[in-house]
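Have a look at the structure below, then the notes.
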Number of protein chains: 2
Amino acid sequence: MADKEELESVCKRRGFVWQSSEIYGGEAGFYDYGHLGARLRDNWERMWKDYFLGLGEHYHMIYTPNILPHRVLEASGHVDHFSDVLVGCKRCGNSHRGDHFLEDITGESAEWMGKNEIASFIKENKITCPDCRGELSEPENFNMMFQVDIGPKGDRKGFLRPETAQGTYMNFPREYRALRRKMPLGLATVGSAFRNEISPRQGVYRLREFRQAELQIFFIPEHHSEEFEEAYDNLTSKQLSLLRAGWEEVRSVSLDDLDDLPKFYRYHLAKMFEFYSEKMELSKDRFRLRELSDDEKAFYNRIHFDVEVNMESLGGWKEVAGLHYRGDYDLTQHQDASGQKMNIPIEGDRKIPHVIELSFGVDRNIWALLDLGYRTGERDWIDLPDYISPYQVAVFPLVKKDGLLEKSREIFEYLESSFNAFWDKSGSIGKRYARQDEIGTPYCVTVDYDTLEDDTVTIREISSTNQIRLKVSDLKKELQDYINKEKEFQR
Amino acid sequence: MADKEELESVCKRRGFVWQSSEIYGGEAGFYDYGHLGARLRDNWERMWKDYFLGLGEHYHMIYTPNILPHRVLEASGHVDHFSDVLVGCKRCGNSHRGDHFLEDITGESAEWMGKNEIASFIKENKITCPDCRGELSEPENFNMMFQVDIGPKGDRKGFLRPETAQGTYMNFPREYRALRRKMPLGLATVGSAFRNEISPRQGVYRLREFRQAELQIFFIPEHHSEEFEEAYDNLTSKQLSLLRAGWEEVRSVSLDDLDDLPKFYRYHLAKMFEFYSEKMELSKDRFRLRELSDDEKAFYNRIHFDVEVNMESLGGWKEVAGLHYRGDYDLTQHQDASGQKMNIPIEGDRKIPHVIELSFGVDRNIWALLDLGYRTGERDWIDLPDYISPYQVAVFPLVKKDGLLEKSREIFEYLESSFNAFWDKSGSIGKRYARQDEIGTPYCVTVDYDTLEDDTVTIREISSTNQIRLKVSDLKKELQDYINKEKEFQR
């Protein structure tokens, strides 16, 4: 739980994240990842890959470009529909995103309101510019894609991709063949996406350039393998915290309680829940799976749950991921526009596979970890899952003399081959602990005079600040066990 | 050594790389990485990071956005200078890159020619359009950056970054403080870069969107640490193959033979040579370090060597990386434009650090590995460094019955925890070997009836096709030793 300014300040000072082009005063909607932020992001992405590609035998990463030709985004519907309502001020010239600024005024969701609804509301309630009280211009649809000209002539339009997914849809036929015609087929990608937000706010939460991790699973409804049925059965005893559309509050339910949803969807809902509770280690009162109502969800999504995290620095529940049952919408659109067959043979027939999309905002997830993990009080520290922390372990010599410097360096190099390790020889031990606390390093190892005698070291754990003595020869194994949660750190 | 079409065909069919938006006929200058290409790229990037970040105690990755504000690229000089000469045809309308199409006609380098030189040459030699023989238009400078509008009003111009480096320059002051004012400081980044090429050709070699891996090292000339001097001394016995400006042919030289170059530059030249010979395992006649002459190199580069690889599929020696001594050009430019101090205290004075830039085209390096590694003849296979291959090991059951399927699966899962492993149960063993040969999997493990008796398996190596018998309990250790080159695979 974190005050936004305090957390932003530590992120900046220590090297996590900050607004881009800082030396030029910063550019709204763009953020840099410093040396610690880059490690955090790399670690999170590795964990994401390991977990979600592990869900299927035929799930793979692919990488596709940021620039997409006009015709691709025309087929996907983005050219016509990917817009927000823009309301300008005739006096000060500031631009406002229609739904957001009405939300600020009314305190109620305005996501369902289109251009006309916003225009009527402004007229009826005589709304003026929130910045200068000037008269507002007529609301208009503003397409949020960044447009580029491809080639020197200006006759080939393209866009920066507003989501990473189109590359996986277009590659379905080729990968289906290359991967020997197996179903379900999963194509994942991690990369940049771009949305020209009208007025980006809230730090890394609403960016003009952001990072997504998406997994598109292509499958034939009701054609499940034995392995899937088994995996599903193993999950039925689990309880998920859900907020379904129309419910007043979060309830704990089992997969069987959700039998109005397709089994394949239910399974992935449970897997996303597991990712947030077990991998990201969020406590169950800090995140929820919220179903979007028909008003809220896009027309091509048959079912849509968001993962929301309650972040103090952002003022409450915020979306960090989504699970979308998109049916055969995407492949059908591309089949119609390109003329390329997207269907596959099934029991003597041919069918267009359906898609379940698992979509994650990388920056938002990183921020959620920092927000929920940040602790202030007697000492400032960050509570992160051990394997996501920028460094898992730091090694210190108690003093720089009498061979302790060399010994600590040796132990550091030994640990570095298995962990993200850090070595720090400067300042008092207290100061060195404080530095590691502030960047969320879970374990600190101190090399002292006893080390030279009996080859033991002190290891300190971040949350309890407890210290124990360990043999150097046991260090790797013990650390591995703590990090993998196979053993608890105890004094 | 590879025929371009043959190699492109295998890359497409098996899932390495192919032109983007393929179902729409493809978009020139953009490529997709399929599931095998993505693994290859990830493995290469991991190796790059491990090797180059390992060169310094204070070398770190950072990530910065693809979109940069206009003022940043104005300061860097790209707005004014980052252009190619565009020559259009008045009849067919095709666009030509001036230097390239003159090179095609004359067979000589035209990289030094500006707009005026090209105009004169065309006039004097009565050159017409190479496509339709039509009259050519007056050559003009075409800025190669993709421009975007940031925000809804069209009054904030930005560009897609033409190189990844500006983000590291701008972040130097913040990271210098966050990393406790240490020198040399290395800031690396791996990510996309964008150049609106006039007429992209040659597959992944000249792309409009490509990937770079760059390391900027900030240092104070002639202020070297003891550790550096030691590391340097350890390299002086090494021989490098160089082609210096003015030399007719490649010569083998030691670092001491290069004493006209600064020591810090020499050291990194040797490290780049080592990366290509030892990590990428290129034979010394297939790559060279070539010094650019004053005519060829940009004005801000005091010294510039390219790494070039001789690729049959691209018709000869092609640049894949560069080592640039940029002096204090970049930091000075940003200091002047932003008003932020970029200098640091040195012995009672303040100095602007110099920069050595190690710059790699990721796509070009991946292609170089595929080109040099591709072998045809009795069988088609790819010779890749073991740890870069998409999979290090494949596991097969000899047949699917009598428990061999389950046993092979068990061994696959055991190996999967330590290696990129693949499991294949379908087709004859010969066919399964052929499939792995074609994607460069160095080791194949076959589980047969003897395995059930004595817990041994057959392991086959790709280049020799030799097979040996190993205990399952020794498998991990032996594979690790082969991959790390600590042991040779021998029958």
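We label chains A, B, ... in the order they appear in the structure tokens, count residues from 1 in each chain, and number ligands from 1 in the order shown.
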
Could you list the residues in chain A lying within 6 Å of chain B, using only C-alpha atoms, and format the result as a list in words?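 Per the criterion, chain A yields Arg14, Gly15, Tyr24, Asp32, Tyr33, Gly34, His35, Ala38, His60, Met61, Ile62, Tyr63, Thr64, Gly151, Pro152, Ala178, Asn196, Ile198 and Ser338 of chain A.
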
- Message: Using only C-alpha atoms, which protein or nucleic acid residues come within 7 Å of region 389-396 of chain A? Drop anything in the same chain fewer than 4 positions from it, and give the result as a PyMOL selection string.
- Response: chain A and resi 36+39-40+384-385+408+412+419-425+440-447

task: Would you please give, as an MDAnalysis selection string, all residues of region 232-422 of chain A that DSSP assigns to strand (DSSP E) based on the backbone?
output: chainID A and resid 239:243 251:254 287:291 303:311 316:327 344:346 349:351 354:361 374:375 381:382 393:397 421:422

Item to complete: DSSP on the backbone, then: every residue of region 99-302 of chain A marked helix (DSSP H, G or I), written as a PyMOL selection string.
Response: chain A and resi 99-106+115-124+166-170+172-178+203-205+226-233+255-258+263-279

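Of note, CA of Lys485 (chain B) and CA of Met280 (chain B) are spaced 13.0 Å apart.
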
Can you work out the spacing between CA of Arg364 (chain A) and CA of Lys263 (chain A) in Å, to one decimal?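 Straight-line distance from CA of Arg364 (chain A) to CA of Lys263 (chain A) works out to 28.4 Å.
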
Using only C-alpha atoms for the distances, tell me which of A:Arg156, A:Phe228, A:Glu486, A:Phe218 is nearest to Arg181 (chain A).
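For Arg181 (chain A), the nearest of the given residues is A:Phe218.
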